[in-house]
Structure formats: C-alpha cells, structure tokens
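Visitor: Quick one: the structure is below, questions incoming.
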Number of protein chains: 2
Amino acid sequence: MTTVVLLGTGNIATHLFGVFSASENIHLKQVYNHSEESLIPFRDKTDVTTSLDDLQEADIYLLALKDDVISKISAQLESKKGIVAHTSGAVSMEALKNCRRPGVFYPLQTFSKKIPVKHTEIPFCLEAKFPADLEILQKLAEDISGKAYHISSPQRKKLHLAAVFVCNFVNHLYAIGEKICEEHHIPFEILQPLILETAAKVKIASPAELQTGPAIRNDQNTIKAHLELLSTNENKEIYQLLTQAIQSLHGKKL
Amino acid sequence: MTTVVLLGTGNIATHLFGVFSASENIHLKQVYNHSEESLIPFRDKTDVTTSLDDLQEADIYLLALKDDVISKISAQLESKKGIVAHTSGAVSMEALKNCRRPGVFYPLQTFSKKIPVKHTEIPFCLEAKFPADLEILQKLAEDISGKAYHISSPQRKKLHLAAVFVCNFVNHLYAIGEKICEEHHIPFEILQPLILETAAKVKIASPAELQTGPAIRNDQNTIKAHLELLSTNENKEIYQLLTQAIQSLHGKKL
C-alpha cells in the first residue's frame with residue numbers, strides 16, 4: 001500500500017484524487033491547499049488541511065501545483081522523509097533540490113475538471129534522484145495507468161513543448177474550424193469524424209507520411225480560394241504559415 | 001438497388017469502391033480511369049474501362065477525380081440520363097452544369113490508401129439540382145454510412161476550408177511534435193493518448209471552451225522557455241502566431 005498526500009486542488013489534482021481513491025493499492029491520506037474553499041469538494045472524502053505544518057506522514061507528497069509555486073512550497077517540505085514529487089511538464093526536478101528525495105510524476109494528458117479521462121490512457125513521465133524512488137513512482141503510475149516512462153528533466157521540457165503543439169495548438173485549430181462552421185450555419189459535428197480519424201491515424205503511421213491537403217498537393221487554386229474565404233487577417237496568416245511549413249517539410253515551394 | 005459507375009482510382013475512389021462493393025443495396029457496375037495501369041487493382045472485381053465512350057448505363061456516375069479535371073470529364077457525360085455527381089470539397093456543383101442531373105457526394109474524411117476508414121463514420125455532404133436526386137444520393141450515403149447532410153456549394157467550400165484547419169494543419173502540428181520527440185530520443189507514442197483525448201473532447205464540448213496551455217494562462221516564463229527550445233525559425237513563428245491567436249480569442253495580450 002502506497003500512502004500519498006496530495007498538494008493542490010486544480011485539474012490535475014482533481015483527476016489524480018479520483019484515480020488514487022479508486023485504487024486498492026493506494027491510500028490517499030490527505031489533500032492540502034492554502035484556500036479552505038477549494039478543499040470543499042475533498043473534505044468529505046479524506047483528511048484536508050490548509051497548513052503545511054499539519055501534513056501527515058506519507059510515502060509520497062505529490063505537488064500538483066502551479067509551476068511558479070512548486071519551488072516555494074517544496075522548500076517547506078525539506079524535513080519530509082517521503083518522496084516529494086511534482087506533476088509539472090515544464091519545471092525541472094532541480095526545483096525540489098532542498099527535499100531529501102525529489103522526483104517528478106508528470107501525467108502527459110489534458111485535463112478538464114468536468115470531463116473524465118480514461119486513466120488507463122495516461123502516460124506518466126517519471127524522474128527521481130534515487131533509483132529506488134523511481135521504482136516507487138513507477139509502481140504508483142502502474143497502479144493507476146499501466147504506462148510509465150523514465151524521462152529526464154531536459155527531455156520532459158521538450159515533451160511539454162511537443163504537447164503544446166499536438167494538444168493546445170491543435171485545439172485552437174479545432175476552434176477555428178468550429179468558428180468557420182458557426183459563421184456559415186454548418187453543424188460542427190460534421191467535422192468530428194474527420195478530427196477523430198486524423199488523430200487516430202498517428203497510432204498507425206508517422207504524421208509526416210500521412211500529410212494530405214492542398215498544401216502538400218501544391219494546389220494553388222484551392223489555396224488562393226481559401227485565403228479569400230478567410231474573414232480575419234490572423235486566420236489568413238495561420239493558413240499561410242502552416243501551408244508554407246507543410247511545403248517546406250515536403251520539399252515544395254509556394 | 002442503386003447502380004453506380006465510379007470514375008477515378010485515387011484514395012477516395014478506392015475507399016468508395018470498398019464500401020460500395022460491401023453493400024447489398026449498391027451495384028458497382030464499372031470503374032473508369034484514363035490509365036490502364038491504375039485500373040489493375042479493380043479489374044478482377046468489376047468491369048473496367050479507359051474510354052468514356054464505353055461507360056455503362058447507371059443511376060449514378062460518381063466522379064472521384066482531381067478537382068481540375070472534373071469539369072472537363074463531366075462535359076463528356078452530357079448525354080447521360082443518370083445523376084453525375086463529384087466527390088470534391090472545393091469544386092462547385094456549377095462545374096457539372098452541362099450534365100442533365102448534376103450533384104455532389106462529398107465524403108468529409110481523410111483517406112489514405114493503406115488505412116481502412118470505418119465507413120459508418122464518414123459524413124457525406126450532399127447537393128443536387130433536383131430534390132428527387134438529392135434523395136437518391138441520400139439513400140446511397142445512408143446505405144454505406146448512415147450520416148448524410150444537405151450542404152450547398154458555398155457552404156461546402158467553407159467546410160472544406162475548415163477541414164484544412166482541423167485535419168491537414170492539425171496533422172502538420174502532429175508532425176512537429178513527432179520531430180521534437182525524435183530529436184530528443186523520446187518515443188512519440190507517449191504523445192498519442194494526449195492527441196486522441198484532445199480530439200475526443202470535441203464531441204463533448206466546444207474547443208474554444210476547452211482551451212488549455214501556456215498561451216491561455218498567459219504563462220510568459222513557459223512561452224519564453226519554449227521559444228528558446230525550438231530549433232527552427234519556422235516553428236518559432238508557428239508557436240508565436242498560434243499563442244497570439246489563442247490569446248486574442250480569449251482576450252489576453254502577449
């Protein structure tokens with residue numbers, strides 16, 4: 001049985017709380033947050049506290065906190081005997097250098113409070129100062145997900161950067177597609193099978209090899225017509241830049 | 001039983017051939033292409049021809065051809081009594097104006113020859129000069145997919161434009177993510193659950209409402225660090241432009 005104290009009550013903390021609570025191998029002992037109010041959803045289910053001085057003993061202290069407070073909060077956990085691990089993609093393990101047993105437990109997924117994620121599909125990127133601690137974090141990941149990867153701090157930063165492209169920026173392109181549909185009274189659901197199929201294909205082949213569309217065909221008539229149809233300069237710029245990028249990757253010139 | 005003659009042997013034609021052949025309600029009578037060689041995969045399964053003069057009688061002549069030859073080929077089908085419909089997202093129905101019964105049968109999906117598409121998940125965007133023909137096209141779509149939408153030529157152009165954003169451009173962002181992983185010896189499969197989850201969410205909520213990441217948080221430290229990590233000016237430009245676009249949509253300033 002691995003004992004865990006969870007620090008934070010945001011999207012990641014909320015999802016981890018759910019999956020830890022559902023696991024027979026994990027005992028979630030306590031949730032910490034500086035604000036009493038944000039602890040309300042948790043207080044009927046486990047012990048909660050607003051004071052770092054009142055943290056219980058645990059195998060792992062999991063810091064599911066905003067990037068800019070991780071270092072400061074961890075400095076107050078210096079004396080803890082358990083592993084102190086954060087869940088951030090962008091923060092180096094070095095930020096926890098004052099702790100005895102620093103680690104990273106980064107779930108590479110997009111979390112929205114209201115939408116449940118299938119937790120068997122969360123890859124965890126793990127790092128620890130000590131090999132034995134890496135094993136403990138791996139066990140924690142496997143207890144809830146089955147997918148664990150050992151990723152160094154420099155690698156994790158690159159992975160987080162890649163995630164911004166394939167998740168955050170992709171989502172904005174979906175939002176542009178939705179907006180175009182709205183403007184022309186077309187139900188956005190027509191695009192949903194295409195969106196899902198485009199995503200599903202990355203499991204079968206390399207995206208670079210799967211590229212289709214007017215840019216890679218160098219179909220200038222369609223490209224020109226599309227640029228004329230776009231109603232904002234920002235979307236025109238995005239269209240041009242991505243068309244250019246596809247063509248430069250695939251060796252064609254505008 | 002609807003009889004169909006298929007003109008073309010590319011990605012869309014190949015997929016439609018597969019799903020038509022599998023349907024009990026559709027009789028695929030013939031495949032046309034100007035090149036003998038490209039008909040090889042079809043000739044054991046149905047009648048094939050390289051001559052437009054040898055086309056059989058059918059309820060529907062389906063032009064799954066490159067955009068720039070649709071008008072020219074259709075001009076040679078003037079005398080046909082059946083519906084002449086093309087499968088293009090970008091070409092107006094007007095391109096078939098010489099035909100007696102013009103129509104459009106546009107499958108809004110991404111097709112790669114080697115990857116089978118679940119054909120129940122293809123939305124068909126339909127248009128016809130005559131209401132009775134629209135019904136025939138709708139029946140054809142429903143026989144193989146169950147999802148049919150009546151979409152006018154101007155709407156279809158906007159939808160095709162939106163599809164470029166949510167499919168072609170999205171795929172290029174996947175390719176950038178894959179490249180970043182390769183450069184830093186990280187298995188790309190770590191990103192796949194994130195890619196799938198980001199796509200799956202559009203069925204549950206509006207992408208604009210689901211936006212996450214450093215741009216919408218206005219997390220300048222992460223944005224700055226990411227720009228420094230990117231190895232090409234093109235990717236830096238894409239990062240900056242999409243960050244800016246997310247912030248302008250959500251009312252935050254860089």
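Chain lettering (A, B, ...) mirrors the order of the structure tokens, residue numbering begins at 1 for each chain separately, and ligand numbering begins at 1 in order of display.
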When you get a sec, could you note down which chain B residues fall within 6 Å of chain A, using only C-alpha atoms, as a ChimeraX atom specification?
Guide: /B:109,121,162,165-168,170,173-175,177,193-194,196,198-199,207-208,212-213
Visitor: As an mmCIF file with C-alpha atoms, in the first residue's frame, please: chain A after a least-squares superposition onto chain B using all C-alpha atoms matched in order.
Guide:
```cif
data_model
loop_
_atom_site.group_PDB
_atom_site.id
_atom_site.type_symbol
_atom_site.label_atom_id
_atom_site.label_comp_id
_atom_site.auth_asym_id
_atom_site.auth_seq_id
_atom_site.Cartn_x
_atom_site.Cartn_y
_atom_site.Cartn_z
ATOM 1 C CA MET A 1 -30.649 -1.499 -55.925
ATOM 2 C CA THR A 2 -28.707 1.627 -56.904
ATOM 3 C CA THR A 3 -26.322 1.187 -59.834
ATOM 4 C CA VAL A 4 -23.073 3.147 -59.802
ATOM 5 C CA VAL A 5 -20.242 3.793 -62.251
ATOM 6 C CA LEU A 6 -17.153 5.085 -60.499
ATOM 7 C CA LEU A 7 -14.765 7.434 -62.310
ATOM 8 C CA GLY A 8 -11.317 7.651 -60.711
ATOM 9 C CA THR A 9 -8.923 5.321 -58.914
ATOM 10 C CA GLY A 10 -7.364 7.557 -56.227
ATOM 11 C CA ASN A 11 -7.771 7.450 -52.437
ATOM 12 C CA ILE A 12 -11.452 8.428 -52.348
ATOM 13 C CA ALA A 13 -12.341 6.174 -55.289
ATOM 14 C CA THR A 14 -10.541 3.238 -53.672
ATOM 15 C CA HIS A 15 -12.380 3.681 -50.367
ATOM 16 C CA LEU A 16 -15.762 4.194 -52.036
ATOM 17 C CA PHE A 17 -15.146 1.115 -54.186
ATOM 18 C CA GLY A 18 -14.612 -0.906 -51.019
ATOM 19 C CA VAL A 19 -17.741 0.269 -49.226
ATOM 20 C CA PHE A 20 -19.981 0.158 -52.318
ATOM 21 C CA SER A 21 -18.858 -3.398 -53.048
ATOM 22 C CA ALA A 22 -19.688 -4.411 -49.475
ATOM 23 C CA SER A 23 -23.239 -3.025 -49.623
ATOM 24 C CA GLU A 24 -26.118 -5.250 -50.687
ATOM 25 C CA ASN A 25 -28.089 -2.251 -51.903
ATOM 26 C CA ILE A 26 -25.488 -0.966 -54.319
ATOM 27 C CA HIS A 27 -24.352 -2.500 -57.589
ATOM 28 C CA LEU A 28 -21.001 -1.069 -58.640
ATOM 29 C CA LYS A 29 -21.092 -1.718 -62.380
ATOM 30 C CA GLN A 30 -17.822 -0.260 -63.640
ATOM 31 C CA VAL A 31 -14.673 1.720 -62.829
ATOM 32 C CA TYR A 32 -13.236 4.207 -65.317
ATOM 33 C CA ASN A 33 -9.748 5.681 -65.478
ATOM 34 C CA HIS A 34 -7.747 7.088 -68.395
ATOM 35 C CA SER A 35 -4.768 4.946 -67.378
ATOM 36 C CA GLU A 36 -4.941 1.192 -67.823
ATOM 37 C CA GLU A 37 -2.384 0.595 -65.102
ATOM 38 C CA SER A 38 -4.354 2.309 -62.339
ATOM 39 C CA LEU A 39 -7.313 0.010 -63.129
ATOM 40 C CA ILE A 40 -5.319 -3.144 -62.300
ATOM 41 C CA PRO A 41 -6.491 -3.353 -58.636
ATOM 42 C CA PHE A 42 -10.137 -3.220 -59.805
ATOM 43 C CA ARG A 43 -10.275 -5.316 -62.966
ATOM 44 C CA ASP A 44 -10.711 -8.675 -61.247
ATOM 45 C CA LYS A 45 -13.617 -7.360 -59.210
ATOM 46 C CA THR A 46 -15.710 -5.395 -61.693
ATOM 47 C CA ASP A 47 -15.854 -4.163 -65.262
ATOM 48 C CA VAL A 48 -13.231 -1.496 -66.043
ATOM 49 C CA THR A 49 -12.680 0.886 -68.937
ATOM 50 C CA THR A 50 -10.270 3.589 -70.112
ATOM 51 C CA SER A 51 -12.815 5.076 -72.521
ATOM 52 C CA LEU A 52 -15.610 7.465 -71.606
ATOM 53 C CA ASP A 53 -17.468 6.236 -74.691
ATOM 54 C CA ASP A 54 -17.753 2.790 -73.117
ATOM 55 C CA LEU A 55 -19.416 3.791 -69.854
ATOM 56 C CA GLN A 56 -22.333 1.591 -68.895
ATOM 57 C CA GLU A 57 -25.790 2.879 -68.021
ATOM 58 C CA ALA A 58 -26.121 3.640 -64.291
ATOM 59 C CA ASP A 59 -28.238 5.537 -61.761
ATOM 60 C CA ILE A 60 -25.191 7.482 -60.637
ATOM 61 C CA TYR A 61 -21.873 8.408 -62.254
ATOM 62 C CA LEU A 62 -19.542 9.260 -59.423
ATOM 63 C CA LEU A 63 -16.599 11.482 -60.337
ATOM 64 C CA ALA A 64 -13.904 10.795 -57.686
ATOM 65 C CA LEU A 65 -11.386 12.768 -59.734
ATOM 66 C CA LYS A 66 -8.837 15.529 -59.200
ATOM 67 C CA ASP A 67 -10.523 18.926 -58.885
ATOM 68 C CA ASP A 68 -9.046 20.296 -62.085
ATOM 69 C CA VAL A 69 -10.390 17.564 -64.390
ATOM 70 C CA ILE A 70 -13.945 17.332 -63.003
ATOM 71 C CA SER A 71 -15.368 19.963 -65.319
ATOM 72 C CA LYS A 72 -13.631 18.579 -68.419
ATOM 73 C CA ILE A 73 -14.650 14.963 -67.821
ATOM 74 C CA SER A 74 -18.212 15.911 -66.894
ATOM 75 C CA ALA A 75 -18.546 17.761 -70.212
ATOM 76 C CA GLN A 76 -18.238 14.347 -71.870
ATOM 77 C CA LEU A 77 -21.120 12.962 -69.790
ATOM 78 C CA GLU A 78 -23.724 15.433 -71.049
ATOM 79 C CA SER A 79 -25.875 12.778 -72.622
ATOM 80 C CA LYS A 80 -26.046 10.534 -69.539
ATOM 81 C CA LYS A 81 -29.484 9.989 -68.054
ATOM 82 C CA GLY A 82 -28.172 9.178 -64.588
ATOM 83 C CA ILE A 83 -27.029 11.586 -61.891
ATOM 84 C CA VAL A 84 -23.482 12.893 -62.437
ATOM 85 C CA ALA A 85 -22.010 13.751 -59.027
ATOM 86 C CA HIS A 86 -18.488 14.688 -57.998
ATOM 87 C CA THR A 87 -16.839 13.975 -54.624
ATOM 88 C CA SER A 88 -14.836 17.184 -54.184
ATOM 89 C CA GLY A 89 -14.969 19.570 -51.246
ATOM 90 C CA ALA A 90 -13.685 22.531 -53.212
ATOM 91 C CA VAL A 91 -15.481 22.332 -56.588
ATOM 92 C CA SER A 92 -18.894 23.960 -57.055
ATOM 93 C CA MET A 93 -21.816 21.927 -58.428
ATOM 94 C CA GLU A 94 -21.792 24.530 -61.200
ATOM 95 C CA ALA A 95 -18.765 22.704 -62.674
ATOM 96 C CA LEU A 96 -21.214 19.994 -63.784
ATOM 97 C CA LYS A 97 -23.623 22.419 -65.423
ATOM 98 C CA ASN A 98 -23.614 20.620 -68.782
ATOM 99 C CA CYS A 99 -24.931 17.429 -67.221
ATOM 100 C CA ARG A 100 -28.656 16.749 -67.017
ATOM 101 C CA ARG A 101 -28.739 15.821 -63.326
ATOM 102 C CA PRO A 102 -25.739 17.311 -61.500
ATOM 103 C CA GLY A 103 -24.983 16.533 -57.884
ATOM 104 C CA VAL A 104 -22.305 16.421 -55.180
ATOM 105 C CA PHE A 105 -21.398 13.468 -52.982
ATOM 106 C CA TYR A 106 -18.544 14.757 -50.810
ATOM 107 C CA PRO A 107 -17.233 12.408 -48.105
ATOM 108 C CA LEU A 108 -15.772 14.588 -45.343
ATOM 109 C CA GLN A 109 -12.988 12.293 -44.210
ATOM 110 C CA THR A 110 -9.251 11.864 -44.679
ATOM 111 C CA PHE A 111 -8.360 8.884 -46.817
ATOM 112 C CA SER A 112 -5.034 7.118 -47.067
ATOM 113 C CA LYS A 113 -4.938 4.160 -49.425
ATOM 114 C CA LYS A 114 -3.371 1.827 -46.892
ATOM 115 C CA ILE A 115 -5.516 2.677 -43.851
ATOM 116 C CA PRO A 116 -9.106 1.456 -43.703
ATOM 117 C CA VAL A 117 -11.680 4.027 -42.534
ATOM 118 C CA LYS A 118 -14.696 2.951 -40.536
ATOM 119 C CA HIS A 119 -17.259 3.822 -43.165
ATOM 120 C CA THR A 120 -20.050 4.278 -40.673
ATOM 121 C CA GLU A 121 -18.097 7.341 -39.583
ATOM 122 C CA ILE A 122 -17.985 9.199 -42.857
ATOM 123 C CA PRO A 123 -20.329 12.196 -43.071
ATOM 124 C CA PHE A 124 -21.459 12.811 -46.654
ATOM 125 C CA CYS A 125 -22.185 16.357 -47.789
ATOM 126 C CA LEU A 126 -24.835 16.143 -50.465
ATOM 127 C CA GLU A 127 -26.151 18.529 -53.066
ATOM 128 C CA ALA A 128 -28.275 18.057 -56.189
ATOM 129 C CA LYS A 129 -30.013 20.233 -58.742
ATOM 130 C CA PHE A 130 -33.268 18.269 -58.315
ATOM 131 C CA PRO A 131 -34.834 17.322 -54.958
ATOM 132 C CA ALA A 132 -35.538 13.756 -56.152
ATOM 133 C CA ASP A 133 -31.837 13.323 -56.961
ATOM 134 C CA LEU A 134 -30.875 14.578 -53.518
ATOM 135 C CA GLU A 135 -32.978 11.730 -52.116
ATOM 136 C CA ILE A 136 -31.188 9.194 -54.318
ATOM 137 C CA LEU A 137 -27.785 10.484 -53.153
ATOM 138 C CA GLN A 138 -29.007 10.443 -49.567
ATOM 139 C CA LYS A 139 -30.026 6.810 -49.942
ATOM 140 C CA LEU A 140 -26.595 5.995 -51.378
ATOM 141 C CA ALA A 141 -24.894 7.717 -48.430
ATOM 142 C CA GLU A 142 -27.139 6.001 -45.905
ATOM 143 C CA ASP A 143 -26.541 2.611 -47.497
ATOM 144 C CA ILE A 144 -22.878 2.911 -46.620
ATOM 145 C CA SER A 145 -22.588 5.384 -43.771
ATOM 146 C CA GLY A 146 -25.767 6.494 -42.077
ATOM 147 C CA LYS A 147 -24.693 10.146 -41.972
ATOM 148 C CA ALA A 148 -25.892 12.487 -44.688
ATOM 149 C CA TYR A 149 -26.045 16.293 -44.658
ATOM 150 C CA HIS A 150 -27.528 18.648 -47.218
ATOM 151 C CA ILE A 151 -24.819 21.232 -47.827
ATOM 152 C CA SER A 152 -24.880 23.914 -50.545
ATOM 153 C CA SER A 153 -21.857 24.618 -52.775
ATOM 154 C CA PRO A 154 -20.935 27.845 -50.900
ATOM 155 C CA GLN A 155 -21.267 26.037 -47.535
ATOM 156 C CA ARG A 156 -19.202 23.129 -48.807
ATOM 157 C CA LYS A 157 -16.333 25.454 -49.685
ATOM 158 C CA LYS A 158 -16.309 26.792 -46.109
ATOM 159 C CA LEU A 159 -16.497 23.277 -44.743
ATOM 160 C CA HIS A 160 -13.558 22.224 -46.898
ATOM 161 C CA LEU A 161 -11.634 25.227 -45.601
ATOM 162 C CA ALA A 162 -12.486 24.270 -42.000
ATOM 163 C CA ALA A 163 -11.362 20.701 -42.781
ATOM 164 C CA VAL A 164 -7.946 21.999 -43.858
ATOM 165 C CA PHE A 165 -7.544 23.553 -40.400
ATOM 166 C CA VAL A 166 -8.814 20.606 -38.330
ATOM 167 C CA CYS A 167 -7.186 17.865 -40.419
ATOM 168 C CA ASN A 168 -4.294 18.954 -42.685
ATOM 169 C CA PHE A 169 -2.908 21.698 -40.432
ATOM 170 C CA VAL A 170 -3.515 19.646 -37.288
ATOM 171 C CA ASN A 171 -1.605 16.779 -38.869
ATOM 172 C CA HIS A 172 1.337 19.086 -39.500
ATOM 173 C CA LEU A 173 1.345 20.047 -35.804
ATOM 174 C CA TYR A 174 1.454 16.315 -35.022
ATOM 175 C CA ALA A 175 4.447 16.063 -37.382
ATOM 176 C CA ILE A 176 6.187 18.895 -35.489
ATOM 177 C CA GLY A 177 5.518 17.080 -32.192
ATOM 178 C CA GLU A 178 6.902 13.866 -33.649
ATOM 179 C CA LYS A 179 10.025 15.654 -34.880
ATOM 180 C CA ILE A 180 10.668 17.217 -31.447
ATOM 181 C CA CYS A 181 10.390 13.746 -29.889
ATOM 182 C CA GLU A 182 12.761 12.226 -32.450
ATOM 183 C CA GLU A 183 15.354 14.940 -31.902
ATOM 184 C CA HIS A 184 15.418 14.220 -28.182
ATOM 185 C CA HIS A 185 15.113 10.407 -28.270
ATOM 186 C CA ILE A 186 11.624 10.355 -26.777
ATOM 187 C CA PRO A 187 9.165 7.731 -28.073
ATOM 188 C CA PHE A 188 6.373 9.545 -29.965
ATOM 189 C CA GLU A 189 3.846 7.042 -28.552
ATOM 190 C CA ILE A 190 3.941 8.995 -25.256
ATOM 191 C CA LEU A 191 2.033 11.786 -27.030
ATOM 192 C CA GLN A 192 -0.569 9.550 -28.640
ATOM 193 C CA PRO A 193 -3.055 9.352 -25.721
ATOM 194 C CA LEU A 194 -2.939 13.158 -25.470
ATOM 195 C CA ILE A 195 -3.594 13.509 -29.199
ATOM 196 C CA LEU A 196 -6.567 11.142 -29.032
ATOM 197 C CA GLU A 197 -8.016 12.737 -25.900
ATOM 198 C CA THR A 198 -7.720 16.257 -27.342
ATOM 199 C CA ALA A 199 -9.610 15.074 -30.436
ATOM 200 C CA ALA A 200 -12.219 13.087 -28.485
ATOM 201 C CA LYS A 201 -13.133 16.125 -26.378
ATOM 202 C CA VAL A 202 -14.639 17.994 -29.340
ATOM 203 C CA LYS A 203 -17.582 15.605 -29.106
ATOM 204 C CA ILE A 204 -18.240 16.689 -25.523
ATOM 205 C CA ALA A 205 -17.677 20.442 -25.523
ATOM 206 C CA SER A 206 -16.761 23.408 -27.702
ATOM 207 C CA PRO A 207 -12.994 23.541 -28.465
ATOM 208 C CA ALA A 208 -12.942 27.257 -27.673
ATOM 209 C CA GLU A 209 -14.150 26.434 -24.151
ATOM 210 C CA LEU A 210 -11.648 23.602 -23.722
ATOM 211 C CA GLN A 211 -8.507 25.610 -24.478
ATOM 212 C CA THR A 212 -5.657 24.893 -22.046
ATOM 213 C CA GLY A 213 -1.902 25.540 -22.034
ATOM 214 C CA PRO A 214 0.638 28.328 -21.506
ATOM 215 C CA ALA A 215 -0.957 30.721 -24.036
ATOM 216 C CA ILE A 216 -4.380 30.924 -22.380
ATOM 217 C CA ARG A 217 -2.766 31.033 -18.903
ATOM 218 C CA ASN A 218 -0.519 33.815 -20.255
ATOM 219 C CA ASP A 219 2.393 31.907 -18.704
ATOM 220 C CA GLN A 220 5.216 34.073 -20.064
ATOM 221 C CA ASN A 221 8.020 32.032 -18.455
ATOM 222 C CA THR A 222 6.957 28.857 -20.224
ATOM 223 C CA ILE A 223 6.291 30.660 -23.521
ATOM 224 C CA LYS A 224 9.763 32.210 -23.430
ATOM 225 C CA ALA A 225 11.423 28.900 -22.508
ATOM 226 C CA HIS A 226 9.563 27.099 -25.323
ATOM 227 C CA LEU A 227 10.634 29.665 -27.914
ATOM 228 C CA GLU A 228 14.239 29.185 -26.847
ATOM 229 C CA LEU A 229 13.949 25.402 -27.123
ATOM 230 C CA LEU A 230 12.631 25.452 -30.690
ATOM 231 C CA SER A 231 15.361 24.735 -33.212
ATOM 232 C CA THR A 232 13.897 26.318 -36.381
ATOM 233 C CA ASN A 233 12.639 29.816 -37.095
ATOM 234 C CA GLU A 234 9.599 28.350 -38.821
ATOM 235 C CA ASN A 235 8.507 26.504 -35.678
ATOM 236 C CA LYS A 236 9.187 29.595 -33.566
ATOM 237 C CA GLU A 237 6.930 31.588 -35.910
ATOM 238 C CA ILE A 238 4.178 28.967 -35.691
ATOM 239 C CA TYR A 239 4.477 28.947 -31.890
ATOM 240 C CA GLN A 240 4.262 32.727 -31.680
ATOM 241 C CA LEU A 241 1.397 33.098 -34.112
ATOM 242 C CA LEU A 242 -0.751 30.394 -32.513
ATOM 243 C CA THR A 243 -0.002 31.671 -28.999
ATOM 244 C CA GLN A 244 -1.059 35.149 -30.125
ATOM 245 C CA ALA A 245 -4.205 33.756 -31.774
ATOM 246 C CA ILE A 246 -5.230 31.871 -28.622
ATOM 247 C CA GLN A 247 -4.673 34.985 -26.541
ATOM 248 C CA SER A 248 -6.571 37.247 -28.899
ATOM 249 C CA LEU A 249 -9.526 34.801 -28.989
ATOM 250 C CA HIS A 250 -9.558 34.652 -25.216
ATOM 251 C CA GLY A 251 -8.947 38.346 -24.655
ATOM 252 C CA LYS A 252 -5.409 38.250 -23.280
ATOM 253 C CA LYS A 253 -2.482 40.249 -24.539
ATOM 254 C CA LEU A 254 1.063 39.013 -25.177
#
```
Visitor: Using backbone DSSP assignments, extract all helix (DSSP H, G or I) residues from stretch 80-156 of chain B; output them as a PyMOL selection string.
Guide: chain B and resi 93-96+119-121+131-144+153-156
